[in-house]
file my_file06.cif (mmCIF, C-alpha atoms)
data_data
loop_
_atom_site.label_atom_id
_atom_site.label_comp_id
_atom_site.auth_asym_id
_atom_site.auth_seq_id
_atom_site.Cartn_x
_atom_site.Cartn_y
_atom_site.Cartn_z
CA MET Y 1 103.67 -22.55 128.79
CA LYS Y 2 100.21 -23.22 130.17
CA ASN Y 3 100.81 -20.58 132.81
CA ILE Y 4 101.82 -18.06 130.14
CA ILE Y 5 98.72 -18.83 128.10
CA ARG Y 6 96.55 -18.69 131.18
CA ASN Y 7 98.07 -15.37 132.33
CA GLY Y 8 97.88 -13.96 128.80
CA GLY Y 9 94.20 -14.87 128.58
CA MET Y 10 93.58 -13.22 131.92
CA LEU Y 11 95.26 -10.01 130.72
CA VAL Y 12 93.12 -9.96 127.59
CA PHE Y 13 89.99 -10.53 129.70
CA VAL Y 14 90.91 -7.68 132.07
CA TRP Y 15 91.68 -5.37 129.10
CA LEU Y 16 88.30 -6.15 127.51
CA LEU Y 17 86.54 -5.58 130.82
CA LEU Y 18 88.20 -2.20 131.33
CA SER Y 19 87.51 -1.20 127.74
CA GLY Y 20 83.87 -2.07 128.20
CA CYS Y 21 83.66 0.03 131.33
CA GLN Y 22 85.26 2.99 129.56
CA ALA Y 23 82.88 2.66 126.62
CA LYS Y 24 79.90 2.77 128.97
CA GLN Y 25 81.26 5.95 130.52
CA ILE Y 26 81.42 7.76 127.16
CA SER Y 27 78.15 9.64 126.72
CA THR Y 28 77.09 12.46 124.48
CA SER Y 29 76.52 15.65 126.49
CA GLU Y 30 73.09 17.30 126.55
CA PRO Y 31 74.31 20.48 124.77
CA THR Y 32 75.74 18.34 121.95
CA VAL Y 33 72.51 16.38 121.59
CA ARG Y 34 70.38 19.52 121.58
CA TYR Y 35 72.56 21.06 118.88
CA GLU Y 36 72.68 17.92 116.74
CA GLN Y 37 68.92 17.43 116.97
CA ASN Y 38 67.70 21.02 116.62
CA PHE Y 39 70.76 23.34 116.31
CA GLU Y 40 70.09 24.90 119.71
CA LEU Y 41 73.11 26.49 121.38
CA THR Y 42 73.42 26.15 125.15
CA GLY Y 43 75.88 26.62 127.98
CA ASP Y 44 79.12 28.54 127.56
CA GLU Y 45 78.78 28.73 123.79
CA LYS Y 46 75.45 30.53 124.12
CA ASP Y 47 76.76 32.82 126.86
CA GLU Y 48 79.68 33.87 124.63
CA LEU Y 49 77.33 34.87 121.81
CA ILE Y 50 74.67 36.79 123.72
CA ASN Y 51 74.91 39.37 126.46
CA PRO Y 52 72.60 39.58 129.46
CA VAL Y 53 69.20 40.76 128.25
CA ASN Y 54 68.41 44.43 128.85
CA PRO Y 55 64.74 44.59 129.97
CA ALA Y 56 64.28 47.52 127.59
CA ILE Y 57 64.35 45.03 124.71
CA PHE Y 58 60.73 44.23 125.67
CA THR Y 59 59.67 47.79 124.81
CA THR Y 60 56.06 47.98 123.58
CA VAL Y 61 54.93 50.99 121.55
CA ASP Y 62 51.71 51.97 119.82
CA ARG Y 63 52.10 50.12 116.51
CA SER Y 64 49.96 52.67 114.68
CA ASN Y 65 53.01 54.95 115.04
CA PRO Y 66 51.01 58.13 115.77
CA GLY Y 67 54.07 60.27 116.55
CA ALA Y 68 56.85 58.43 114.72
CA GLU Y 69 58.86 60.39 112.16
CA ALA Y 70 61.24 59.18 109.46
CA VAL Y 71 64.83 60.49 109.63
CA SER Y 72 67.55 60.74 106.98
CA VAL Y 73 71.22 61.51 107.61
CA PRO Y 74 72.87 62.02 104.19
CA VAL Y 75 76.38 62.48 105.61
CA VAL Y 76 77.59 60.57 108.68
CA PRO Y 77 80.72 62.06 110.31
CA LYS Y 78 83.73 59.84 110.98
CA THR Y 79 83.00 60.06 114.69
CA GLY Y 80 79.54 58.55 114.11
CA GLU Y 81 76.07 59.96 114.67
CA GLU Y 82 73.71 59.88 117.66
CA LEU Y 83 69.98 60.33 117.07
CA LYS Y 84 66.90 60.86 119.20
CA LEU Y 85 63.70 59.51 117.62
CA LYS Y 86 60.05 60.01 118.44
CA THR Y 87 58.50 56.99 120.15
CA GLY Y 88 57.56 54.43 117.52
CA ARG Y 89 58.42 51.41 115.43
CA TYR Y 90 61.29 51.90 112.95
CA MET Y 91 63.31 50.18 110.24
CA ILE Y 92 66.92 51.38 110.08
CA THR Y 93 69.19 51.07 107.02
CA GLY Y 94 72.65 52.40 106.22
CA TYR Y 95 75.26 52.61 103.46
CA PRO Y 96 77.72 51.04 103.00
CA THR Y 97 78.06 49.08 106.30
CA GLY Y 98 78.43 49.87 109.98
CA ASN Y 99 77.11 49.27 113.48
CA ILE Y 100 73.71 50.41 114.72
CA SER Y 101 73.44 50.51 118.52
CA ILE Y 102 70.37 51.26 120.65
CA PHE Y 103 70.81 52.62 124.19
CA ASP Y 104 68.16 53.01 126.88
CA SER Y 105 67.45 56.13 128.94
CA LYS Y 106 70.32 55.22 131.32
CA GLY Y 107 72.82 54.92 128.47
CA GLU Y 108 72.97 51.13 128.71
CA GLN Y 109 73.09 49.19 125.46
CA ILE Y 110 69.93 47.35 124.46
CA LEU Y 111 71.33 45.81 121.27
CA ARG Y 112 73.89 46.27 118.51
CA GLU Y 113 73.66 45.02 114.94
CA ILE Y 114 75.89 45.20 111.86
CA VAL Y 115 73.67 46.74 109.18
CA GLY Y 116 74.50 47.52 105.56
CA ASP Y 117 74.92 46.33 102.00
CA TYR Y 118 78.19 44.41 102.44
CA ALA Y 119 77.91 42.62 105.78
CA GLY Y 120 75.44 41.74 108.50
CA ALA Y 121 71.76 42.53 107.89
CA THR Y 122 70.30 44.83 105.26
CA SER Y 123 68.03 46.50 107.85
CA LEU Y 124 67.17 46.56 111.56
CA THR Y 125 63.58 46.81 112.84
CA VAL Y 126 63.03 47.88 116.45
CA SER Y 127 60.63 49.70 118.76
CA VAL Y 128 62.12 52.87 120.24
CA GLU Y 129 61.05 55.16 123.04
CA GLU Y 130 61.79 58.88 122.89
CA SER Y 131 64.26 58.56 125.76
CA TYR Y 132 66.42 56.07 123.81
CA THR Y 133 69.49 56.90 121.74
CA VAL Y 134 70.26 55.41 118.34
CA ARG Y 135 73.95 55.47 117.44
CA ALA Y 136 75.40 54.85 113.97
CA ASP Y 137 79.19 54.45 113.89
CA GLY Y 138 81.55 56.10 111.42
CA GLY Y 139 81.45 53.21 108.98
CA TYR Y 140 78.44 54.77 107.26
CA ASP Y 141 78.27 57.39 104.54
CA SER Y 142 74.52 57.76 105.11
CA ILE Y 143 71.67 56.26 107.14
CA ASN Y 144 67.91 56.24 106.66
CA ILE Y 145 65.29 55.49 109.30
CA PHE Y 146 61.76 54.67 108.16
CA THR Y 147 58.57 54.19 110.16
CA ALA Y 148 57.72 50.48 110.13
CA PRO Y 149 54.15 49.22 109.66
CA THR Y 150 52.95 46.17 111.59
CA SER Y 151 51.35 43.06 110.08
CA PRO Y 152 51.71 39.40 111.13
CA ASN Y 153 54.37 37.74 109.00
CA THR Y 154 56.34 34.51 108.64
CA ASP Y 155 59.44 36.19 107.18
CA LEU Y 156 61.26 38.16 109.87
CA THR Y 157 64.22 40.42 109.19
CA ALA Y 158 66.91 41.45 111.68
CA GLY Y 159 65.39 43.10 114.73
CA VAL Y 160 63.07 42.48 117.65
CA TRP Y 161 59.61 40.97 117.13
CA GLU Y 162 56.68 40.21 119.42
CA VAL Y 163 54.91 36.85 119.24
CA GLY Y 164 51.19 37.42 118.78
CA THR Y 165 51.73 40.82 117.15
CA ASP Y 166 54.41 40.35 114.49
CA ILE Y 167 54.06 36.57 114.10
CA LYS Y 168 51.34 34.20 115.27
CA ALA Y 169 51.98 31.77 118.10
CA GLY Y 170 52.51 28.19 116.94
CA THR Y 171 55.08 25.62 115.88
CA TYR Y 172 57.43 26.49 113.03
CA THR Y 173 60.39 25.18 111.08
CA ILE Y 174 62.93 27.98 110.70
CA SER Y 175 65.60 28.30 108.00
CA LEU Y 176 67.78 30.69 105.99
CA ASP Y 177 68.19 30.90 102.23
CA GLN Y 178 71.87 31.75 102.51
CA GLY Y 179 74.57 32.82 104.95
CA TYR Y 180 74.20 32.28 108.68
CA GLY Y 181 72.50 33.91 111.63
CA TYR Y 182 70.79 33.40 114.96
CA LEU Y 183 67.29 33.38 116.43
CA GLN Y 184 66.99 34.30 120.09
CA ILE Y 185 63.70 33.56 121.86
CA LEU Y 186 63.20 35.89 124.82
CA GLU Y 187 60.74 35.82 127.67
CA LYS Y 188 60.61 38.11 130.69
CA GLU Y 189 62.33 36.70 133.78
CA LYS Y 190 63.29 33.50 131.92
CA ASP Y 191 66.50 32.26 130.33
CA SER Y 192 66.66 32.94 126.61
CA ILE Y 193 66.85 30.24 123.93
CA LEU Y 194 69.32 30.52 121.03
CA TYR Y 195 69.30 28.75 117.65
CA GLU Y 196 72.06 28.84 115.06
CA LEU Y 197 71.00 28.82 111.40
CA ILE Y 198 73.08 28.12 108.29
CA GLY Y 199 71.74 28.65 104.77
CA GLY Y 200 72.85 27.50 101.34
CA THR Y 201 72.78 24.14 99.61
CA ILE Y 202 75.54 22.51 101.68
CA GLY Y 203 75.26 22.29 105.47
CA ARG Y 204 71.83 23.94 105.50
CA THR Y 205 70.10 23.70 108.88
CA GLU Y 206 66.47 23.67 109.96
CA SER Y 207 65.18 23.95 113.51
CA THR Y 208 61.75 23.42 115.03
CA VAL Y 209 60.57 26.15 117.40
CA LYS Y 210 57.41 26.54 119.45
CA LEU Y 211 56.32 30.14 119.86
CA LYS Y 212 53.78 31.40 122.38
CA GLU Y 213 52.34 34.79 123.20
CA GLY Y 214 54.43 36.65 125.75
CA GLN Y 215 57.66 35.73 123.97
CA TRP Y 216 59.87 38.03 121.92
CA LEU Y 217 62.17 37.12 119.06
CA ARG Y 218 65.48 38.66 118.15
CA VAL Y 219 66.77 37.94 114.64
CA THR Y 220 70.48 38.79 114.41
CA ASP Y 221 73.47 38.46 112.05
CA THR Y 222 71.19 37.74 109.10
CA SER Y 223 68.79 39.64 106.85
CA LEU Y 224 65.87 37.20 106.94
CA ILE Y 225 64.63 34.06 108.71
CA THR Y 226 61.73 32.12 107.18
CA PHE Y 227 59.20 30.59 109.59
CA ARG Y 228 57.26 27.71 108.03
CA PRO Y 229 54.17 26.63 110.03
CA THR Y 230 54.31 22.97 111.08
CA ASP Y 231 51.28 20.75 111.74
CA THR Y 232 51.42 19.35 115.25
#

call {"tool": "encode", "arguments": {"input": "my_file06.cif", "output": "structure tokens"}}
result
Amino acid sequence: MKNIIRNGGMLVFVWLLLSGCQAKQISTSEPTVRYEQNFELTGDEKDELINPVNPAIFTTVDRSNPGAEAVSVPVVPKTGEELKLKTGRYMITGYPTGNISIFDSKGEQILREIVGDYAGATSLTVSVEESYTVRADGGYDSINIFTAPTSPNTDLTAGVWEVGTDIKAGTYTISLDQGYGYLQILEKEKDSILYELIGGTIGRTESTVKLKEGQWLRVTDTSLITFRPTDT
């Protein structure tokens, strides 16, 4: 009996020892921590959501829009519509909902955004060179392209924005009023940073971002992200 008790105690001791070792080996991964702390997406999940960055996304145009011209297409054919715009800064809208794609001079896609009244973003703001092509798919009945003025702001709609020109450098808390979307921070020859945002009263997220001149922001899958300056 003593031997049974002794052996049983030894088995319990060994089981506790092994359990302790296994517990020490369980660690939260860095991507999980970064998401839980600041809703930053990394690794494979980020790669699945964003394509390699086309350098043309860093296009800089004269923000006074000296040659830019507004365009209206009242009837979009079922096959879609391809447009050539004068170099400038534009805001693109469409009804009811479809895909707006921007292609560079080589025909390679710079970005694509769902734009319309029923899904995606209500507008898309981008800088376009004359050699680029804007394509609206056949989901639209009509599209309108307006010239977009420039003024520093803390409410950014879907599109591409330059830190120092469209928003001041600094530290911000970012959030959505409703829905969900993403903020991509871009910098030439550097890996991009991606934040996921969820709006509403339940599950609402807030992230802290540090912006510096030389960076570009892409707001996607949402109509508006609010940037609230944070004292540092």

call {"tool": "closest_atom_pairs", "arguments": {"input": "my_file06.cif", "of": "range 21-136 of chain Y", "to": "range 144-149 of chain Y", "cutoff": "7 Å", "atoms": "all atoms listed in the file", "output": "JSON lines"}}
result
{"residue": "Y:Ala68", "atom": "CA", "partner": "Y:Thr147", "partner_atom": "CA", "distance": 6.5}
{"residue": "Y:Glu69", "atom": "CA", "partner": "Y:Thr147", "partner_atom": "CA", "distance": 6.5}
{"residue": "Y:Ala70", "atom": "CA", "partner": "Y:Phe146", "partner_atom": "CA", "distance": 4.7}
{"residue": "Y:Val71", "atom": "CA", "partner": "Y:Ile145", "partner_atom": "CA", "distance": 5.0}
{"residue": "Y:Ser72", "atom": "CA", "partner": "Y:Asn144", "partner_atom": "CA", "distance": 4.5}
{"residue": "Y:Val73", "atom": "CA", "partner": "Y:Asn144", "partner_atom": "CA", "distance": 6.3}
{"residue": "Y:Arg89", "atom": "CA", "partner": "Y:Ala148", "partner_atom": "CA", "distance": 5.4}
{"residue": "Y:Tyr90", "atom": "CA", "partner": "Y:Thr147", "partner_atom": "CA", "distance": 4.5}
{"residue": "Y:Met91", "atom": "CA", "partner": "Y:Phe146", "partner_atom": "CA", "distance": 5.2}
{"residue": "Y:Ile92", "atom": "CA", "partner": "Y:Ile145", "partner_atom": "CA", "distance": 4.5}
{"residue": "Y:Thr93", "atom": "CA", "partner": "Y:Asn144", "partner_atom": "CA", "distance": 5.3}
{"residue": "Y:Gly94", "atom": "CA", "partner": "Y:Asn144", "partner_atom": "CA", "distance": 6.1}

call {"tool": "atom_distance", "arguments": {"input": "my_file06.cif", "atom1": "CA of Trp216 in chain Y", "atom2": "CA of Ser127 in chain Y"}}
result
12.1 Å

call {"tool": "resolve_selection", "arguments": {"input": "my_file06.cif", "expression": "the PyMOL selection byres ((chain Y and resi 87) around 6)", "output": "PyMOL selection string"}}
result
chain Y and resi 68+86+88+128-130

call {"tool": "closest_residue", "arguments": {"input": "my_file06.cif", "among": "Y:Ile143, Y:Ile225, Y:Ile185, Y:Ile114", "to": "Glu206 in chain Y", "atoms": "only C-alpha atoms"}}
result
Y:Ile225

call {"tool": "residues_around", "arguments": {"input": "my_file06.cif", "residues": "range 134-140 of chain Y", "least_positions_apart": "6", "cutoff": "8 Å", "atoms": "all atoms listed in the file", "output": "VMD selection string"}}
result
chain Y and resid 76 to 85 94 to 103

call {"tool": "residues_around", "arguments": {"input": "my_file06.cif", "residues": "Phe39 in chain Y", "least_positions_apart": "5", "cutoff": "12 Å", "atoms": "only C-alpha atoms", "output": "MDAnalysis selection string"}}
result
chainID Y and resid 31:34 46 173:175 181:183 193:198 203:209

call {"tool": "residues_around", "arguments": {"input": "my_file06.cif", "residues": "Trp161 in chain Y", "least_positions_apart": "2", "cutoff": "7 Å", "atoms": "only C-alpha atoms", "output": "JSON list (two decimals) with C-alpha atoms, in the frame of the given file"}}
result
[["chain", "number", "residue", "atom", "x", "y", "z"],
["Y", 159, "GLY", "CA", 65.39, 43.10, 114.73],
["Y", 163, "VAL", "CA", 54.91, 36.85, 119.24],
["Y", 166, "ASP", "CA", 54.41, 40.35, 114.49],
["Y", 216, "TRP", "CA", 59.87, 38.03, 121.92],
["Y", 217, "LEU", "CA", 62.17, 37.12, 119.06],
["Y", 218, "ARG", "CA", 65.48, 38.66, 118.15]]

call {"tool": "closest_residue", "arguments": {"input": "my_file06.cif", "among": "Y:Ile110, Y:Val219, Y:Leu211, Y:Leu176", "to": "Ser123 in chain Y", "atoms": "all atoms listed in the file"}}
result
Y:Val219

call {"tool": "closest_residue", "arguments": {"input": "my_file06.cif", "among": "Y:Ile57, Y:Val160, Y:Ile50, Y:Ile167", "to": "Asp104 in chain Y", "atoms": "all atoms listed in the file"}}
result
Y:Ile57

call {"tool": "atom_distance", "arguments": {"input": "my_file06.cif", "atom1": "CA of Arg63 in chain Y", "atom2": "CA of Lys212 in chain Y"}}
result
19.7 Å

call {"tool": "closest_residue", "arguments": {"input": "my_file06.cif", "among": "Y:Gln109, Y:Gln178, Y:Thr59, Y:Thr171", "to": "Pro229 in chain Y", "atoms": "all atoms listed in the file"}}
result
Y:Thr171

call {"tool": "atom_distance", "arguments": {"input": "my_file06.cif", "atom1": "CA of Gln215 in chain Y", "atom2": "CA of Ser192 in chain Y"}}
result
9.8 Å

call {"tool": "closest_residue", "arguments": {"input": "my_file06.cif", "among": "Y:Leu49, Y:Thr165, Y:Leu156, Y:Glu108", "to": "Asp62 in chain Y", "atoms": "all atoms listed in the file"}}
result
Y:Thr165

call {"tool": "closest_residue", "arguments": {"input": "my_file06.cif", "among": "Y:Gln37, Y:Tyr132, Y:Gly214, Y:Gln184", "to": "Gly164 in chain Y", "atoms": "only C-alpha atoms"}}
result
Y:Gly214

call {"tool": "axis_aligned_box", "arguments": {"input": "my_file06.cif", "around": "range 106-123 of chain Y", "padding_each_side": "3 Å", "output": "lines of an AutoDock Vina configuration file"}}
result
center_x = 73.1
center_y = 48.5
center_z = 116.7
size_x = 16.2
size_y = 19.5
size_z = 35.3
